[in-house]
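**Student:** Can you read through this structure? Questions will come right after.
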Amino acid sequence: MIKSRHRKRQIRANGENGRYAHVTGWGVEVPERVLTNHDLEQMVDTSDEWIRERTGISERRIADDRDTAVTLGTRAARKALKHADILPDDLDLIIVATMSPVYLCPSTACLIQDQLGATRAGAFDLLAACSGFIYALSTAAGQIKSGMARTVLVIGTETLSRITDWSDRGTCILFADGAAAFVLQESDTPGGVREVVLHSDGSGGELLYVHSGARPTWNGAEAPASLINMNGRGVFRFAARVMSSATEEVVQQAGLTLNDIDVIVPHQANMRIIDAAMRSLKISSDRVVANIERYGNTSAASIPIAIVEAVENGQIKPNDRIVLVGFGGGLTWAAALLEWEVTPTPASYGRDVLREGLYILARVRSLINRMLRLLEALFFRAPSDRQPRQRAGTPAKPPQQDE
Ligand code: COA
């Protein structure tokens, strides 16, 4: 039983019973198609100069018609499993952070679980908009530190282009598509996800919202269904404030100062927000990861994509202390402090082949399960099923294997 705030802090930092949650694998998947500011000039009344000056974005990636949050997330996950050199069956839990799922139900996490053939894993989606990845990381680390899971896959995956109003110049210049996945594993070596702070303020919900099919609307106003509605200036003011406060809070919670932090990875929403926050924290730009220029705002995927790029280009090095900080719709904001102590797993050709074989097997198993369910429906009908039932609403397309 937790008796004090101090003890709570100790559990978060050290793990209960010496359990720590380390990042052991990662993968990124961004669509190939590039949409430049010049392309946007042909679509809405804007200019390359305005977008670069006000946001720092030059280009962004947009998914093609075949890709969804599931397909991008699955490919990122496979890379992460390969990097951690684990098999799908090693996963205890899959957590997906997304605000652009194909379905509200089934979850994106379940569809990815099926694609991976992670037969032992629980799976669920988590919605905290652009703070989603930190929320998911926090949940995963909590599961591991409490001993409820040993290996957790955390994915941030978005196809925001599908929920963007392409006639609204205030939003369509910002949002983009992409995915990234991390494998977190239990370890008795201190480090990994050390501290997390999570915050929310639903009173600011109308600053950034997306409708589900289940209405009503904010303030009774009719809005285009399922598209991003945003008050840019309102979000900007909120973001500039919370980015610095959350960073300071998580560092203090760990008993450290900003000087102890090697690298900050902020949510990539607007370069001016990042600059303002880092200026107020007096953190020089060489300690800040920024790739917004090439990817725009990929919401829940933005922070992990930025981390992976920074690891690959050497900006984040083994043993670095890094702070992730994000904000988004909800309103939500969050920060995490990680010790990046990953030692590269030597690539094993045999395990690679085994993993690829298991993915093929997963597809076959999924198909067989679907067929068995069809047969079950044909041969084992419950008495009530024999009566034709009246169904409300329009029948929707059932989840497809590739979604
Ligand atoms: N191209 C050209 N002009 C544009 C434009 C565009 N794409 N978008 C807006 N404008 C115009 C506005 O209409 C306005 O014109 P007006 O003065 O004649 O009314 C002017 O530019 C200034 O608009 P404003 O909204 O004050 O611009 P801004 O400097 O705040 O930049 C955002 C707009 C959206 C880029 C900025 O507010 C922002 O990034 N906010 C945060 C959004 C965010 O991070 N969302 C994701 C949260 S996770």
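Each chain in the structure tokens gets a letter, A, B and so on, in the order shown; residues start at 1 in every chain, and ligands are counted from 1 in the order they appear.
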So which residues are near ligand 1, meaning at most 8 Å away with only C-alpha atoms and all ligand atoms counted, given back as a ChimeraX atom specification?
**Tutor:** /A:44-47,50-51,54-55,129-131,169-175,208,230-237,239,267,269-270,272-273,297,299,326-329
**Student:** Would you pick out the contacts of stretch 179-195 of chain A at 7 Å or less, using only C-alpha atoms, so that residues sharing its chain but fewer than 6 positions from it are not included, and give the list as a PyMOL selection string?
**Tutor:** chain A and resi 12-14+18-30+72-73+76-77+80-81+84+141+144+150-158+250+254+301+304-305+336-341
**Student:** Emit the selected residues as a PDB file, in the first residue's frame, including C-alpha atoms.
**Tutor:**
```pdb
ATOM      1  CA  ARG A  12       7.772   5.309 -10.411  1.00  0.00           C
ATOM      2  CA  ALA A  13      11.505   5.890 -10.498  1.00  0.00           C
ATOM      3  CA  ASN A  14      12.843   2.518  -9.436  1.00  0.00           C
ATOM      4  CA  GLY A  18      13.483  -3.744  -8.855  1.00  0.00           C
ATOM      5  CA  ARG A  19      11.587  -3.914 -12.139  1.00  0.00           C
ATOM      6  CA  TYR A  20      12.503  -1.389 -14.793  1.00  0.00           C
ATOM      7  CA  ALA A  21      10.937  -0.762 -18.192  1.00  0.00           C
ATOM      8  CA  HIS A  22      13.525  -0.376 -20.948  1.00  0.00           C
ATOM      9  CA  VAL A  23      13.049   0.459 -24.606  1.00  0.00           C
ATOM     10  CA  THR A  24      14.685  -2.421 -26.457  1.00  0.00           C
ATOM     11  CA  GLY A  25      13.438  -1.996 -30.011  1.00  0.00           C
ATOM     12  CA  TRP A  26      11.957   0.592 -32.309  1.00  0.00           C
ATOM     13  CA  GLY A  27      10.716   1.073 -35.844  1.00  0.00           C
ATOM     14  CA  VAL A  28       9.350   3.873 -38.005  1.00  0.00           C
ATOM     15  CA  GLU A  29       7.085   3.724 -41.021  1.00  0.00           C
ATOM     16  CA  VAL A  30       6.286   6.859 -42.991  1.00  0.00           C
ATOM     17  CA  LEU A  72       1.495   1.757 -41.116  1.00  0.00           C
ATOM     18  CA  GLY A  73       1.423   0.689 -37.458  1.00  0.00           C
ATOM     19  CA  ALA A  76       6.488  -0.033 -37.764  1.00  0.00           C
ATOM     20  CA  ALA A  77       5.763  -2.786 -35.211  1.00  0.00           C
ATOM     21  CA  ALA A  80      10.498  -2.806 -33.712  1.00  0.00           C
ATOM     22  CA  LEU A  81      10.139  -6.549 -33.064  1.00  0.00           C
ATOM     23  CA  ALA A  84      14.401  -6.023 -30.224  1.00  0.00           C
ATOM     24  CA  ALA A 141       5.960   1.210 -18.149  1.00  0.00           C
ATOM     25  CA  ILE A 144       5.963  -3.637 -16.532  1.00  0.00           C
ATOM     26  CA  ARG A 150       7.018  -8.212 -19.224  1.00  0.00           C
ATOM     27  CA  THR A 151       7.011  -7.168 -22.877  1.00  0.00           C
ATOM     28  CA  VAL A 152       4.801  -4.414 -24.251  1.00  0.00           C
ATOM     29  CA  LEU A 153       4.539  -2.993 -27.753  1.00  0.00           C
ATOM     30  CA  VAL A 154       3.665   0.702 -27.884  1.00  0.00           C
ATOM     31  CA  ILE A 155       2.652   2.193 -31.221  1.00  0.00           C
ATOM     32  CA  GLY A 156       1.821   5.734 -32.296  1.00  0.00           C
ATOM     33  CA  THR A 157       0.166   5.575 -35.708  1.00  0.00           C
ATOM     34  CA  GLU A 158      -1.795   8.177 -37.651  1.00  0.00           C
ATOM     35  CA  VAL A 250       9.170  15.724 -14.958  1.00  0.00           C
ATOM     36  CA  ALA A 254      13.220  12.724 -10.993  1.00  0.00           C
ATOM     37  CA  ALA A 301       3.530   9.310 -34.029  1.00  0.00           C
ATOM     38  CA  PRO A 304       8.623   8.394 -31.502  1.00  0.00           C
ATOM     39  CA  ILE A 305       9.457   9.219 -35.141  1.00  0.00           C
ATOM     40  CA  ALA A 336       8.469  11.490 -19.742  1.00  0.00           C
ATOM     41  CA  LEU A 337      12.068  11.102 -18.676  1.00  0.00           C
ATOM     42  CA  LEU A 338      13.926   8.159 -20.182  1.00  0.00           C
ATOM     43  CA  GLU A 339      17.395   6.823 -19.809  1.00  0.00           C
ATOM     44  CA  TRP A 340      18.366   5.602 -23.234  1.00  0.00           C
ATOM     45  CA  GLU A 341      20.526   2.600 -22.463  1.00  0.00           C
TER      46      GLU A 341
END
```
**Student:** Could you give me, as a compact mmCIF listing (two decimals) with C-alpha atoms, in the first residue's frame, the residues within 10 Å of A:Val197, counting only C-alpha atoms and dropping anything in the same chain fewer than 4 positions from it?
**Tutor:**
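After the write, selection.txt holds the following:
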```txt
# COMPACT_ATOMS: atom_id res chain seq x y z
CA ILE A 134 3.61 9.51 -23.83
CA TYR A 135 0.35 8.32 -22.26
CA SER A 138 3.45 5.58 -19.27
CA ALA A 246 5.69 19.78 -18.09
CA THR A 247 9.40 19.52 -18.93
CA GLU A 249 7.92 19.09 -13.71
CA VAL A 250 9.17 15.72 -14.96
CA VAL A 251 12.81 16.69 -14.41
CA GLN A 253 10.12 14.73 -10.14
CA VAL A 325 7.17 16.37 -23.98
CA TRP A 333 -0.18 17.32 -22.08
CA ALA A 334 2.53 15.02 -20.78
CA ALA A 335 6.24 14.51 -20.34
CA ALA A 336 8.47 11.49 -19.74
CA LEU A 337 12.07 11.10 -18.68
```
**Student:** Do you have the atom CA of A:Gln115-atom CA of A:Met371 distance handy?
**Tutor:**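 Atom-to-atom, atom CA of A:Gln115 to atom CA of A:Met371, that is 16.4 Å.
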**Student:** Near A:Pro101, within 9 Å and counting only C-alpha atoms, which residues show up once chain neighbours fewer than 2 positions away are dropped, as a VMD selection string?
**Tutor:** chain A and resid 68 to 70 98 to 99 103 to 105 107 to 108 125 157 to 159
**Student:** Could you pull out the residues in stretch 14-220 of chain A that DSSP calls strand (DSSP E) from the backbone, as JSON, numbers by chain?
**Tutor:** {"A": [20, 21, 22, 23, 24, 25, 26, 27, 28, 29, 34, 35, 36, 59, 60, 61, 93, 94, 95, 96, 97, 122, 123, 124, 125, 126, 151, 152, 153, 154, 155, 156, 157, 158, 159, 177, 178, 179, 180, 181, 182, 183, 184, 185, 186, 187, 192, 193, 194, 195, 196, 197, 198, 199, 200, 208, 209]}
**Student:** Pick out the residues sitting within 9 Å of A:Val289, and hand them over as an MDAnalysis selection string; count only C-alpha atoms, and ignore anything fewer than 6 positions along from it in its own chain.
**Tutor:** chainID A and resid 263:266 306:307 309:310 315:316
**Student:** Residues as selected, all heavy atoms, written as an mmCIF file, in the first residue's frame, can you do that?
**Tutor:**
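Written output follows (again.cif):
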```cif
data_model
loop_
_atom_site.group_PDB
_atom_site.id
_atom_site.type_symbol
_atom_site.label_atom_id
_atom_site.label_comp_id
_atom_site.auth_asym_id
_atom_site.auth_seq_id
_atom_site.Cartn_x
_atom_site.Cartn_y
_atom_site.Cartn_z
ATOM 1 N N VAL A 263 19.024 15.467 -24.027
ATOM 2 C CA VAL A 263 18.240 15.779 -25.232
ATOM 3 C C VAL A 263 16.757 15.923 -24.873
ATOM 4 O O VAL A 263 16.233 15.147 -24.067
ATOM 5 C CB VAL A 263 18.391 14.643 -26.284
ATOM 6 C CG1 VAL A 263 17.598 14.956 -27.542
ATOM 7 C CG2 VAL A 263 19.844 14.415 -26.651
ATOM 8 N N ILE A 264 16.095 16.914 -25.491
ATOM 9 C CA ILE A 264 14.639 17.063 -25.340
ATOM 10 C C ILE A 264 14.000 16.697 -26.668
ATOM 11 O O ILE A 264 14.448 17.159 -27.735
ATOM 12 C CB ILE A 264 14.256 18.529 -25.010
ATOM 13 C CG1 ILE A 264 15.107 19.078 -23.865
ATOM 14 C CG2 ILE A 264 12.761 18.653 -24.772
ATOM 15 C CD1 ILE A 264 14.496 19.086 -22.521
ATOM 16 N N VAL A 265 12.964 15.865 -26.605
ATOM 17 C CA VAL A 265 12.224 15.521 -27.831
ATOM 18 C C VAL A 265 10.800 16.053 -27.686
ATOM 19 O O VAL A 265 9.943 15.414 -27.066
ATOM 20 C CB VAL A 265 12.188 13.994 -28.072
ATOM 21 C CG1 VAL A 265 11.606 13.695 -29.464
ATOM 22 C CG2 VAL A 265 13.568 13.378 -27.931
ATOM 23 N N PRO A 266 10.525 17.239 -28.243
ATOM 24 C CA PRO A 266 9.175 17.792 -28.118
ATOM 25 C C PRO A 266 8.250 17.278 -29.219
ATOM 26 O O PRO A 266 8.725 16.880 -30.294
ATOM 27 C CB PRO A 266 9.410 19.307 -28.290
ATOM 28 C CG PRO A 266 10.695 19.430 -29.035
ATOM 29 C CD PRO A 266 11.463 18.144 -28.920
ATOM 30 N N ALA A 306 10.519 11.174 -34.147
ATOM 31 C CA ALA A 306 11.651 12.078 -33.885
ATOM 32 C C ALA A 306 12.734 11.371 -33.077
ATOM 33 O O ALA A 306 13.936 11.546 -33.337
ATOM 34 C CB ALA A 306 11.152 13.321 -33.151
ATOM 35 N N ILE A 307 12.332 10.553 -32.100
ATOM 36 C CA ILE A 307 13.339 9.832 -31.292
ATOM 37 C C ILE A 307 14.155 8.897 -32.190
ATOM 38 O O ILE A 307 15.387 8.880 -32.143
ATOM 39 C CB ILE A 307 12.678 8.994 -30.172
ATOM 40 C CG1 ILE A 307 11.976 9.897 -29.161
ATOM 41 C CG2 ILE A 307 13.715 8.113 -29.468
ATOM 42 C CD1 ILE A 307 11.219 9.148 -28.083
ATOM 43 N N GLU A 309 14.683 8.922 -35.386
ATOM 44 C CA GLU A 309 15.601 9.654 -36.276
ATOM 45 C C GLU A 309 16.819 10.147 -35.512
ATOM 46 O O GLU A 309 17.941 10.081 -36.002
ATOM 47 C CB GLU A 309 14.876 10.850 -36.892
ATOM 48 C CG GLU A 309 14.043 10.457 -38.077
ATOM 49 C CD GLU A 309 13.985 11.565 -39.128
ATOM 50 O OE1 GLU A 309 14.339 12.727 -38.846
ATOM 51 O OE2 GLU A 309 13.571 11.242 -40.241
ATOM 52 N N ALA A 310 16.584 10.658 -34.302
ATOM 53 C CA ALA A 310 17.693 11.203 -33.512
ATOM 54 C C ALA A 310 18.649 10.099 -33.074
ATOM 55 O O ALA A 310 19.866 10.317 -32.987
ATOM 56 C CB ALA A 310 17.149 11.947 -32.296
ATOM 57 N N GLN A 315 22.127 11.905 -32.612
ATOM 58 C CA GLN A 315 21.823 12.993 -31.666
ATOM 59 C C GLN A 315 21.471 12.418 -30.287
ATOM 60 O O GLN A 315 21.762 13.029 -29.263
ATOM 61 C CB GLN A 315 20.679 13.869 -32.207
ATOM 62 C CG GLN A 315 20.501 15.153 -31.413
ATOM 63 C CD GLN A 315 19.416 16.060 -31.976
ATOM 64 O OE1 GLN A 315 18.770 15.736 -32.973
ATOM 65 N NE2 GLN A 315 19.179 17.186 -31.320
ATOM 66 N N ILE A 316 20.823 11.254 -30.277
ATOM 67 C CA ILE A 316 20.605 10.534 -29.008
ATOM 68 C C ILE A 316 21.581 9.363 -28.967
ATOM 69 O O ILE A 316 21.639 8.563 -29.907
ATOM 70 C CB ILE A 316 19.152 10.014 -28.890
ATOM 71 C CG1 ILE A 316 18.176 11.194 -28.814
ATOM 72 C CG2 ILE A 316 18.999 9.105 -27.674
ATOM 73 C CD1 ILE A 316 16.708 10.792 -28.797
#
```
**Student:** Which residue is closest to A:Gly330? Choose from A:Ala276, A:Leu258, A:Val210, A:Leu227 and count only C-alpha atoms.
**Tutor:**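 Of A:Ala276, A:Leu258, A:Val210, A:Leu227, the one nearest A:Gly330 is A:Val210, counting only C-alpha atoms.
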**Student:** Report as a PyMOL selection string: the residues of stretch 199-362 of chain A with a DSSP assignment of alpha helix (DSSP H), based on the backbone of this structure.
**Tutor:** chain A and resi 232-253+271-281+292-295+302-312+349-362
**Student:** Please identify all polymer residues within 9 Å of A:Gln113, counting only C-alpha atoms, omitting same-chain residues fewer than 4 positions from it, and present them as a short mmCIF file (atom, residue, chain, number, x, y, z; two decimals) with N, CA and C atoms, in the first residue's frame.
**Tutor:**
```
data_model
loop_
_atom_site.label_atom_id
_atom_site.label_comp_id
_atom_site.auth_asym_id
_atom_site.auth_seq_id
_atom_site.Cartn_x
_atom_site.Cartn_y
_atom_site.Cartn_z
N THR A 74 1.43 -1.58 -38.30
CA THR A 74 1.92 -2.97 -38.36
C THR A 74 3.36 -3.00 -38.89
N PRO A 88 6.49 -12.43 -32.10
CA PRO A 88 5.17 -11.89 -31.76
C PRO A 88 4.59 -12.49 -30.48
N ILE A 94 -0.32 -4.93 -26.34
CA ILE A 94 -0.10 -3.98 -27.44
C ILE A 94 -0.96 -2.75 -27.14
N THR A 108 -7.54 -0.35 -33.28
CA THR A 108 -6.38 -0.49 -34.16
C THR A 108 -5.42 -1.53 -33.58
N ALA A 109 -5.30 -1.53 -32.25
CA ALA A 109 -4.38 -2.45 -31.58
C ALA A 109 -4.78 -3.91 -31.86
N GLY A 117 0.16 -11.68 -35.40
CA GLY A 117 0.03 -13.02 -34.84
C GLY A 117 0.52 -13.06 -33.40
N ALA A 118 0.25 -11.98 -32.68
CA ALA A 118 0.67 -11.90 -31.27
C ALA A 118 -0.40 -12.55 -30.41
N THR A 119 -0.43 -13.88 -30.43
CA THR A 119 -1.58 -14.61 -29.88
C THR A 119 -1.72 -14.51 -28.36
N ALA A 121 -1.09 -11.69 -26.64
CA ALA A 121 -1.14 -10.29 -26.20
C ALA A 121 -2.55 -9.76 -26.01
N GLY A 122 -2.73 -8.96 -24.96
CA GLY A 122 -3.91 -8.11 -24.86
C GLY A 122 -3.66 -6.91 -25.76
N ALA A 123 -4.74 -6.24 -26.18
CA ALA A 123 -4.54 -5.12 -27.11
C ALA A 123 -5.63 -4.08 -26.91
#
```
**Student:** Can you tell me, as a JSON list (two decimals) with N, CA, C and O atoms, in the first residue's frame, what residues are no more than 10 Å from stretch 364-367 of chain A when counting only C-alpha atoms, ignoring any on the same chain fewer than 4 positions away?
**Tutor:**
```
[["chain", "number", "residue", "atom", "x", "y", "z"],
["A", 114, "ASP", "N", -3.65, -9.00, -34.75],
["A", 114, "ASP", "CA", -3.99, -10.07, -35.69],
["A", 114, "ASP", "C", -2.93, -10.15, -36.80],
["A", 114, "ASP", "O", -2.49, -11.23, -37.17],
["A", 115, "GLN", "N", -2.52, -8.99, -37.31],
["A", 115, "GLN", "CA", -1.53, -8.96, -38.39],
["A", 115, "GLN", "C", -0.18, -9.51, -37.92],
["A", 115, "GLN", "O", 0.54, -10.13, -38.68],
["A", 117, "GLY", "N", 0.16, -11.68, -35.40],
["A", 117, "GLY", "CA", 0.03, -13.02, -34.84],
["A", 117, "GLY", "C", 0.52, -13.06, -33.40],
["A", 117, "GLY", "O", 1.12, -14.04, -32.95],
["A", 358, "LEU", "N", 6.39, -16.47, -39.23],
["A", 358, "LEU", "CA", 5.29, -16.34, -38.27],
["A", 358, "LEU", "C", 4.26, -15.31, -38.75],
["A", 358, "LEU", "O", 3.06, -15.46, -38.48],
["A", 359, "TYR", "N", 4.71, -14.27, -39.46],
["A", 359, "TYR", "CA", 3.76, -13.28, -39.98],
["A", 359, "TYR", "C", 2.86, -13.91, -41.06],
["A", 359, "TYR", "O", 1.67, -13.64, -41.13],
["A", 360, "ILE", "N", 3.48, -14.79, -41.88],
["A", 360, "ILE", "CA", 2.67, -15.48, -42.90],
["A", 360, "ILE", "C", 1.67, -16.39, -42.19],
["A", 360, "ILE", "O", 0.48, -16.43, -42.50],
["A", 371, "MET", "N", -12.94, -18.25, -41.33],
["A", 371, "MET", "CA", -13.73, -19.30, -41.98],
["A", 371, "MET", "C", -14.44, -20.17, -40.94],
["A", 371, "MET", "O", -15.61, -20.54, -41.12],
["A", 372, "LEU", "N", -13.73, -20.47, -39.85],
["A", 372, "LEU", "CA", -14.35, -21.29, -38.80],
["A", 372, "LEU", "C", -15.57, -20.57, -38.22],
["A", 372, "LEU", "O", -16.60, -21.20, -37.94],
["A", 373, "ARG", "N", -15.45, -19.25, -38.09],
["A", 373, "ARG", "CA", -16.58, -18.49, -37.55],
["A", 373, "ARG", "C", -17.77, -18.53, -38.49],
["A", 373, "ARG", "O", -18.91, -18.61, -38.07],
["A", 401, "GLN", "N", -8.89, -7.68, -43.45],
["A", 401, "GLN", "CA", -7.60, -8.17, -42.96],
["A", 401, "GLN", "C", -6.49, -7.14, -43.05],
["A", 401, "GLN", "O", -5.62, -7.09, -42.21]]
```
**Student:** Can you work out the spacing between atom CA of A:Asp168 and atom CA of A:Ser226 in Å, to one decimal?
**Tutor:**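 Atom CA of A:Ser226 lies at a distance of 14.1 Å from atom CA of A:Asp168.
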**Student:** What does the distance from atom CA of A:Arg78 to atom CA of A:Leu116 come to in Å, to one decimal?
**Tutor:**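 One can read the atom CA of A:Arg78 to atom CA of A:Leu116 distance as 7.5 Å.
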